[in-house]
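To keep things clear, I will list the structure first and then write my remarks on it.
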Amino acid sequence: MNNAWNDTEAGSTAIDNLVYLSNLIGRDLALVQPGGGNTSAKLDEPDLLGATVPALAVKGSGTDLRTITAPGFTHLYLDRLATLRDRDAMSDEEMMSLMRACMLSPDRDPIPSVETPLHSLLPYRFVAHTHDVATLSLTDTPSARDHVTRLYGDAVAFLEYVRPGFPLAKRLAEQFGEQPPAGAIGLVMEKHGLSVWGETAKDCYANLVAVITRAETYVAERATGKRVFGPPVAPALDITTRRQLAAQLLPI
């Protein structure tokens, strides 16, 4: 993966940097599909009462990283989100109600992403979560943990699969407490992609490049000399037959 970061284009504020980081990731289909992936930054921001509070700016639901701008991020109280650590269980409906109660500007911002709990509990300033081809190639296998450990050692943490949303955030808190292993630059989630972080958006992106580049090299080396796909198991149907089948199936 090439490092495409450009300081001139990145802007000068933290929100500018977050938007630029998001757009860089979103335009690369090897990292996220349209509408997928999410990013966040932890900032000090004013709330509606004029108090400056620790806040989480996270990609809003229904936005696309490729085209997202500053209004596409939801801003939430970090201290209220921290109460997620104390919950043993929570339905998706309860989680969304809690997150709406955490919003700094509920009438202005989009609904928070379902991945907001994960971003809130990772104690890093900038966080990016991708569903990239490279790390999914490592983890959509029966030997996911072995691949990740062999390739990254302690530089990248590993989390076994659990459903996104509150269950994923809860598992993260149970396994790592308040912080993943010291020195780690990312977290590979089995069958769910990668999260990386950094003190700056530029550092976060550099860590993303480093983790994915190593995965790409590893996958390419292990695929050398192997036939990934076999021959067709059946001949392709002619166009008339395909159209007839489509006409029968589409109404159903």
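Labels for the structure tokens follow display order: chains A, B, ..., residues from 1 in each chain, ligands from 1.
Excluding Asp44 of chain A and any residue on its chain fewer than 2 positions from it, the residues at most 12 Å away by only C-alpha atoms are Ala14, Ile15, Ala41, Lys42, Pro46, Asp47, Gly50, Ala51, Thr52, Val53, Pro54, Ala55, Leu56, Ala57, His75, Leu76, Tyr77, Leu78, Asp79, Leu104 and Arg125 of chain A.
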Any chance you can output those residues with N, CA and C atoms as a short mmCIF file (atom, residue, chain, number, x, y, z; two decimals), in the first residue's frame?
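part.cif, written as the output of this step:
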data_model
loop_
_atom_site.label_atom_id
_atom_site.label_comp_id
_atom_site.auth_asym_id
_atom_site.auth_seq_id
_atom_site.Cartn_x
_atom_site.Cartn_y
_atom_site.Cartn_z
N ALA A 14 -7.86 19.76 13.49
CA ALA A 14 -8.06 18.33 13.72
C ALA A 14 -9.21 17.79 12.88
N ILE A 15 -10.27 18.57 12.75
CA ILE A 15 -11.41 18.12 11.92
C ILE A 15 -10.99 18.06 10.45
N ALA A 41 -11.99 11.00 15.92
CA ALA A 41 -10.96 11.78 16.62
C ALA A 41 -11.52 12.21 17.97
N LYS A 42 -10.66 12.25 18.97
CA LYS A 42 -11.04 12.72 20.30
C LYS A 42 -10.55 14.15 20.46
N PRO A 46 -16.87 22.61 22.47
CA PRO A 46 -17.94 23.24 23.25
C PRO A 46 -19.25 22.50 23.06
N ASP A 47 -20.01 22.37 24.15
CA ASP A 47 -21.34 21.78 24.02
C ASP A 47 -22.38 22.90 23.92
N GLY A 50 -22.14 25.76 26.31
CA GLY A 50 -20.95 26.61 26.28
C GLY A 50 -19.76 26.05 27.03
N ALA A 51 -19.91 24.87 27.63
CA ALA A 51 -18.78 24.26 28.34
C ALA A 51 -17.90 23.50 27.36
N THR A 52 -16.59 23.56 27.58
CA THR A 52 -15.67 22.78 26.76
C THR A 52 -15.51 21.40 27.38
N VAL A 53 -15.78 20.36 26.60
CA VAL A 53 -15.82 18.99 27.13
C VAL A 53 -15.01 18.06 26.25
N PRO A 54 -14.48 16.97 26.81
CA PRO A 54 -13.85 15.93 25.97
C PRO A 54 -14.92 15.28 25.10
N ALA A 55 -14.67 15.23 23.80
CA ALA A 55 -15.69 14.75 22.87
C ALA A 55 -15.09 13.77 21.87
N LEU A 56 -15.96 12.96 21.32
CA LEU A 56 -15.60 12.03 20.24
C LEU A 56 -16.31 12.49 18.97
N ALA A 57 -15.53 12.76 17.92
CA ALA A 57 -16.11 13.03 16.60
C ALA A 57 -15.94 11.77 15.79
N HIS A 75 -20.78 14.24 17.00
CA HIS A 75 -19.96 14.66 18.14
C HIS A 75 -20.67 14.22 19.43
N LEU A 76 -19.94 13.48 20.28
CA LEU A 76 -20.55 12.89 21.47
C LEU A 76 -19.69 13.16 22.71
N TYR A 77 -20.34 13.17 23.88
CA TYR A 77 -19.63 13.30 25.15
C TYR A 77 -18.85 12.02 25.44
N LEU A 78 -17.55 12.14 25.61
CA LEU A 78 -16.73 10.95 25.90
C LEU A 78 -17.02 10.39 27.28
N ASP A 79 -17.27 11.25 28.25
CA ASP A 79 -17.49 10.73 29.61
C ASP A 79 -18.78 9.92 29.68
N LEU A 104 -23.59 15.73 21.47
CA LEU A 104 -23.48 17.14 21.83
C LEU A 104 -24.53 17.99 21.12
N ARG A 125 -6.12 9.20 20.08
CA ARG A 125 -6.72 10.43 19.57
C ARG A 125 -7.38 10.22 18.22
#
Long-range neighbours of Cys204 of chain A as a PDB file with N, CA, C and O atoms, in the first residue's frame, 9 Å cut-off, only C-alpha atoms, 3 positions minimum in chain:
ATOM      1  N   LEU A  21      -8.153  12.265   6.278  1.00  0.00           N
ATOM      2  CA  LEU A  21      -7.866  10.857   6.556  1.00  0.00           C
ATOM      3  C   LEU A  21      -8.999   9.977   6.048  1.00  0.00           C
ATOM      4  O   LEU A  21      -8.772   8.944   5.401  1.00  0.00           O
ATOM      5  N   PHE A 126      -6.688   9.610  17.279  1.00  0.00           N
ATOM      6  CA  PHE A 126      -7.268   9.324  15.970  1.00  0.00           C
ATOM      7  C   PHE A 126      -7.354   7.815  15.779  1.00  0.00           C
ATOM      8  O   PHE A 126      -6.388   7.093  16.071  1.00  0.00           O
ATOM      9  N   VAL A 127      -8.492   7.339  15.289  1.00  0.00           N
ATOM     10  CA  VAL A 127      -8.721   5.914  15.057  1.00  0.00           C
ATOM     11  C   VAL A 127      -9.348   5.743  13.683  1.00  0.00           C
ATOM     12  O   VAL A 127     -10.254   6.499  13.298  1.00  0.00           O
ATOM     13  N   ALA A 128      -8.865   4.742  12.935  1.00  0.00           N
ATOM     14  CA  ALA A 128      -9.457   4.405  11.636  1.00  0.00           C
ATOM     15  C   ALA A 128      -9.756   2.914  11.607  1.00  0.00           C
ATOM     16  O   ALA A 128      -8.925   2.101  12.015  1.00  0.00           O
ATOM     17  N   ILE A 185       0.113  -0.774  17.484  1.00  0.00           N
ATOM     18  CA  ILE A 185      -0.350   0.315  16.612  1.00  0.00           C
ATOM     19  C   ILE A 185      -1.688  -0.006  15.969  1.00  0.00           C
ATOM     20  O   ILE A 185      -2.239   0.825  15.240  1.00  0.00           O
ATOM     21  N   VAL A 196      -6.649   0.934  13.406  1.00  0.00           N
ATOM     22  CA  VAL A 196      -5.327   1.486  13.715  1.00  0.00           C
ATOM     23  C   VAL A 196      -5.524   2.839  14.367  1.00  0.00           C
ATOM     24  O   VAL A 196      -6.609   3.428  14.299  1.00  0.00           O
ATOM     25  N   TRP A 197      -4.448   3.357  14.977  1.00  0.00           N
ATOM     26  CA  TRP A 197      -4.579   4.621  15.691  1.00  0.00           C
ATOM     27  C   TRP A 197      -3.282   5.405  15.655  1.00  0.00           C
ATOM     28  O   TRP A 197      -2.246   4.914  15.217  1.00  0.00           O
ATOM     29  N   GLY A 198      -3.364   6.648  16.133  1.00  0.00           N
ATOM     30  CA  GLY A 198      -2.196   7.513  16.209  1.00  0.00           C
ATOM     31  C   GLY A 198      -2.540   8.799  16.915  1.00  0.00           C
ATOM     32  O   GLY A 198      -3.716   9.176  17.010  1.00  0.00           O
ATOM     33  N   GLU A 199      -1.521   9.481  17.394  1.00  0.00           N
ATOM     34  CA  GLU A 199      -1.737  10.764  18.072  1.00  0.00           C
ATOM     35  C   GLU A 199      -2.180  11.823  17.076  1.00  0.00           C
ATOM     36  O   GLU A 199      -2.899  12.758  17.427  1.00  0.00           O
ATOM     37  N   THR A 200      -1.743  11.693  15.834  1.00  0.00           N
ATOM     38  CA  THR A 200      -2.194  12.588  14.767  1.00  0.00           C
ATOM     39  C   THR A 200      -2.850  11.756  13.674  1.00  0.00           C
ATOM     40  O   THR A 200      -2.641  10.536  13.593  1.00  0.00           O
ATOM     41  N   ALA A 201      -3.615  12.417  12.818  1.00  0.00           N
ATOM     42  CA  ALA A 201      -4.228  11.710  11.694  1.00  0.00           C
ATOM     43  C   ALA A 201      -3.153  11.159  10.763  1.00  0.00           C
ATOM     44  O   ALA A 201      -3.302  10.073  10.206  1.00  0.00           O
ATOM     45  N   ASN A 207       0.382   4.251  10.214  1.00  0.00           N
ATOM     46  CA  ASN A 207       0.243   2.933  10.832  1.00  0.00           C
ATOM     47  C   ASN A 207      -0.642   2.025   9.985  1.00  0.00           C
ATOM     48  O   ASN A 207      -0.389   0.819   9.874  1.00  0.00           O
ATOM     49  N   LEU A 208      -1.679   2.598   9.372  1.00  0.00           N
ATOM     50  CA  LEU A 208      -2.533   1.818   8.477  1.00  0.00           C
ATOM     51  C   LEU A 208      -1.713   1.285   7.304  1.00  0.00           C
ATOM     52  O   LEU A 208      -1.809   0.101   6.950  1.00  0.00           O
ATOM     53  N   VAL A 209      -0.905   2.152   6.704  1.00  0.00           N
ATOM     54  CA  VAL A 209      -0.061   1.745   5.584  1.00  0.00           C
ATOM     55  C   VAL A 209       0.892   0.629   6.000  1.00  0.00           C
ATOM     56  O   VAL A 209       1.061  -0.368   5.288  1.00  0.00           O
TER      57      VAL A 209
END
Practice problem: Write out as an MDAnalysis selection string which residues come within 12 Å of Arg145 of chain A when counting only C-alpha atoms, dropping same-chain ones fewer than 2 positions away. | Solution: chainID A and resid 135:136 138:143 147:153 156:161 187:191
Preceding selection exported with C-alpha atoms as a short mmCIF file (atom, residue, chain, number, x, y, z; two decimals), in the first residue's frame:
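What landed in part35.cif:
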data_model
loop_
_atom_site.label_atom_id
_atom_site.label_comp_id
_atom_site.auth_asym_id
_atom_site.auth_seq_id
_atom_site.Cartn_x
_atom_site.Cartn_y
_atom_site.Cartn_z
CA THR A 135 -6.15 -8.23 6.84
CA LEU A 136 -9.42 -10.00 6.02
CA LEU A 138 -5.51 -13.24 7.23
CA THR A 139 -8.59 -13.58 9.40
CA ASP A 140 -11.24 -15.15 7.16
CA THR A 141 -9.42 -18.44 7.76
CA PRO A 142 -9.36 -21.14 10.46
CA SER A 143 -5.88 -19.91 11.57
CA HIS A 147 -1.42 -15.56 11.05
CA VAL A 148 -1.71 -12.28 12.95
CA THR A 149 0.69 -13.32 15.72
CA ARG A 150 3.26 -14.69 13.27
CA LEU A 151 3.16 -11.59 11.13
CA TYR A 152 2.96 -8.75 13.67
CA GLY A 153 4.01 -10.07 17.07
CA VAL A 156 -0.87 -5.56 16.45
CA ALA A 157 -3.41 -6.96 18.92
CA PHE A 158 -5.96 -9.63 17.98
CA LEU A 159 -9.60 -9.98 18.95
CA GLU A 160 -11.66 -13.08 18.20
CA TYR A 161 -14.89 -12.53 16.28
CA LEU A 187 -6.08 -4.21 16.37
CA VAL A 188 -7.06 -6.96 13.94
CA MET A 189 -10.61 -8.17 14.55
CA GLU A 190 -11.34 -11.67 13.31
CA LYS A 191 -13.56 -11.52 10.20
#
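Picture a line from atom CA of Leu122 of chain A to atom CA of Val19 of chain A; it runs 19.3 Å.
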Practice problem: Name the closest residue to Gly177 of chain A among the candidates A:His192, A:Arg163, A:Arg85, A:Arg222; distances are taken between atoms, counting only C-alpha atoms. | Solution: A:Arg85
Using DSSP on the backbone coordinates, identify all residues within segment 97-150 of chain A classified as helix (DSSP H, G or I); present the result as a PDB file with N, CA and C atoms, in the first residue's frame.
ATOM      1  N   SER A  97     -30.129   4.294  21.790  1.00  0.00           N
ATOM      2  CA  SER A  97     -30.741   5.294  22.677  1.00  0.00           C
ATOM      3  C   SER A  97     -29.690   5.962  23.544  1.00  0.00           C
ATOM      4  N   LEU A  98     -28.767   5.150  24.071  1.00  0.00           N
ATOM      5  CA  LEU A  98     -27.696   5.710  24.892  1.00  0.00           C
ATOM      6  C   LEU A  98     -26.822   6.657  24.076  1.00  0.00           C
ATOM      7  N   MET A  99     -26.491   6.260  22.845  1.00  0.00           N
ATOM      8  CA  MET A  99     -25.621   7.110  22.035  1.00  0.00           C
ATOM      9  C   MET A  99     -26.309   8.417  21.661  1.00  0.00           C
ATOM     10  N   ARG A 100     -27.608   8.366  21.412  1.00  0.00           N
ATOM     11  CA  ARG A 100     -28.325   9.618  21.138  1.00  0.00           C
ATOM     12  C   ARG A 100     -28.277  10.540  22.353  1.00  0.00           C
ATOM     13  N   ALA A 101     -28.331   9.947  23.551  1.00  0.00           N
ATOM     14  CA  ALA A 101     -28.253  10.743  24.777  1.00  0.00           C
ATOM     15  C   ALA A 101     -26.858  11.311  24.996  1.00  0.00           C
ATOM     16  N   THR A 116     -19.481   3.218  16.989  1.00  0.00           N
ATOM     17  CA  THR A 116     -19.096   4.262  17.936  1.00  0.00           C
ATOM     18  C   THR A 116     -18.563   3.717  19.262  1.00  0.00           C
ATOM     19  N   PRO A 117     -19.175   2.680  19.868  1.00  0.00           N
ATOM     20  CA  PRO A 117     -18.620   2.167  21.121  1.00  0.00           C
ATOM     21  C   PRO A 117     -17.167   1.715  20.998  1.00  0.00           C
ATOM     22  N   LEU A 118     -16.814   1.076  19.883  1.00  0.00           N
ATOM     23  CA  LEU A 118     -15.432   0.654  19.682  1.00  0.00           C
ATOM     24  C   LEU A 118     -14.499   1.859  19.673  1.00  0.00           C
ATOM     25  N   HIS A 119     -14.860   2.906  18.936  1.00  0.00           N
ATOM     26  CA  HIS A 119     -14.014   4.093  18.855  1.00  0.00           C
ATOM     27  C   HIS A 119     -13.904   4.791  20.211  1.00  0.00           C
ATOM     28  N   SER A 120     -14.975   4.779  20.965  1.00  0.00           N
ATOM     29  CA  SER A 120     -14.950   5.490  22.249  1.00  0.00           C
ATOM     30  C   SER A 120     -14.057   4.790  23.269  1.00  0.00           C
ATOM     31  N   LEU A 121     -13.961   3.470  23.198  1.00  0.00           N
ATOM     32  CA  LEU A 121     -13.188   2.724  24.195  1.00  0.00           C
ATOM     33  C   LEU A 121     -11.727   2.525  23.802  1.00  0.00           C
ATOM     34  N   VAL A 133      -9.055  -5.736   2.294  1.00  0.00           N
ATOM     35  CA  VAL A 133      -8.810  -7.054   1.716  1.00  0.00           C
ATOM     36  C   VAL A 133      -7.623  -7.743   2.388  1.00  0.00           C
ATOM     37  N   ALA A 134      -6.573  -6.977   2.685  1.00  0.00           N
ATOM     38  CA  ALA A 134      -5.329  -7.572   3.180  1.00  0.00           C
ATOM     39  C   ALA A 134      -5.510  -8.275   4.520  1.00  0.00           C
ATOM     40  N   THR A 135      -6.039  -7.579   5.534  1.00  0.00           N
ATOM     41  CA  THR A 135      -6.148  -8.225   6.845  1.00  0.00           C
ATOM     42  C   THR A 135      -7.312  -9.218   6.895  1.00  0.00           C
ATOM     43  N   LEU A 136      -8.363  -8.991   6.081  1.00  0.00           N
ATOM     44  CA  LEU A 136      -9.423  -9.997   6.024  1.00  0.00           C
ATOM     45  C   LEU A 136      -8.912 -11.293   5.401  1.00  0.00           C
ATOM     46  N   SER A 137      -7.904 -11.191   4.536  1.00  0.00           N
ATOM     47  CA  SER A 137      -7.289 -12.394   3.971  1.00  0.00           C
ATOM     48  C   SER A 137      -6.592 -13.210   5.057  1.00  0.00           C
ATOM     49  N   LEU A 138      -6.146 -12.548   6.106  1.00  0.00           N
ATOM     50  CA  LEU A 138      -5.512 -13.242   7.229  1.00  0.00           C
ATOM     51  C   LEU A 138      -6.551 -13.866   8.154  1.00  0.00           C
ATOM     52  N   THR A 139      -7.671 -13.182   8.339  1.00  0.00           N
ATOM     53  CA  THR A 139      -8.587 -13.583   9.402  1.00  0.00           C
ATOM     54  C   THR A 139      -9.814 -14.348   8.944  1.00  0.00           C
ATOM     55  N   ALA A 144      -6.707 -17.669  11.983  1.00  0.00           N
ATOM     56  CA  ALA A 144      -6.614 -16.210  12.015  1.00  0.00           C
ATOM     57  C   ALA A 144      -5.600 -15.727  13.047  1.00  0.00           C
ATOM     58  N   ARG A 145      -5.714 -16.181  14.285  1.00  0.00           N
ATOM     59  CA  ARG A 145      -4.807 -15.709  15.337  1.00  0.00           C
ATOM     60  C   ARG A 145      -3.362 -16.068  15.013  1.00  0.00           C
ATOM     61  N   ASP A 146      -3.127 -17.271  14.515  1.00  0.00           N
ATOM     62  CA  ASP A 146      -1.764 -17.684  14.187  1.00  0.00           C
ATOM     63  C   ASP A 146      -1.157 -16.767  13.130  1.00  0.00           C
ATOM     64  N   HIS A 147      -1.924 -16.442  12.102  1.00  0.00           N
ATOM     65  CA  HIS A 147      -1.421 -15.558  11.047  1.00  0.00           C
ATOM     66  C   HIS A 147      -1.043 -14.195  11.614  1.00  0.00           C
ATOM     67  N   VAL A 148      -1.934 -13.620  12.416  1.00  0.00           N
ATOM     68  CA  VAL A 148      -1.705 -12.279  12.947  1.00  0.00           C
ATOM     69  C   VAL A 148      -0.507 -12.266  13.890  1.00  0.00           C
ATOM     70  N   THR A 149      -0.418 -13.259  14.770  1.00  0.00           N
ATOM     71  CA  THR A 149       0.694 -13.317  15.717  1.00  0.00           C
ATOM     72  C   THR A 149       2.021 -13.526  14.994  1.00  0.00           C
ATOM     73  N   ARG A 150       2.032 -14.413  14.012  1.00  0.00           N
ATOM     74  CA  ARG A 150       3.258 -14.694  13.267  1.00  0.00           C
ATOM     75  C   ARG A 150       3.727 -13.451  12.513  1.00  0.00           C
TER      76      ARG A 150
END
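For Ala173 of chain A, the set of protein, DNA and RNA residues having any atom at most 10 Å away, when counting only C-alpha atoms and skipping those fewer than 2 positions along the same chain, is Leu84, Arg85, Asp86, Leu118, Leu121, Leu122, Pro167, Leu168, Ala169, Lys170, Arg171, Gln175, Phe176, Gly177, Glu178, Gln179 and Pro180 of chain A.
Of the residues in segment 59-138 of chain A, those that DSSP places in strand (DSSP E or B) on the basis of the backbone are A:Lys59, A:Gly60, A:Phe73, A:Thr74, A:His75, A:Leu76, A:Tyr77, A:Met103, A:Pro112, A:Phe126, A:Val127, A:Ala128, A:His129, A:Thr130.
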Exercise. List the neighbours of Ile25 of chain A out to 9 Å using only C-alpha atoms; skip same-chain residues closer than 4 positions along the sequence, and give me the result as a list of chain:residue names.
Key: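 Listed by chain and then number, they are A:Tyr20, A:Leu21, A:Leu29, A:Leu31, A:Val32, A:Gly37, A:Leu65, A:Arg66, A:Ala128, A:Thr130, A:Tyr205.
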Practice problem: Can you work out the spacing between atom CA of Ala89 of chain A and atom CA of Gly62 of chain A in Å, to one decimal? | Solution: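 Computing it gives 25.5 Å between the two atoms.
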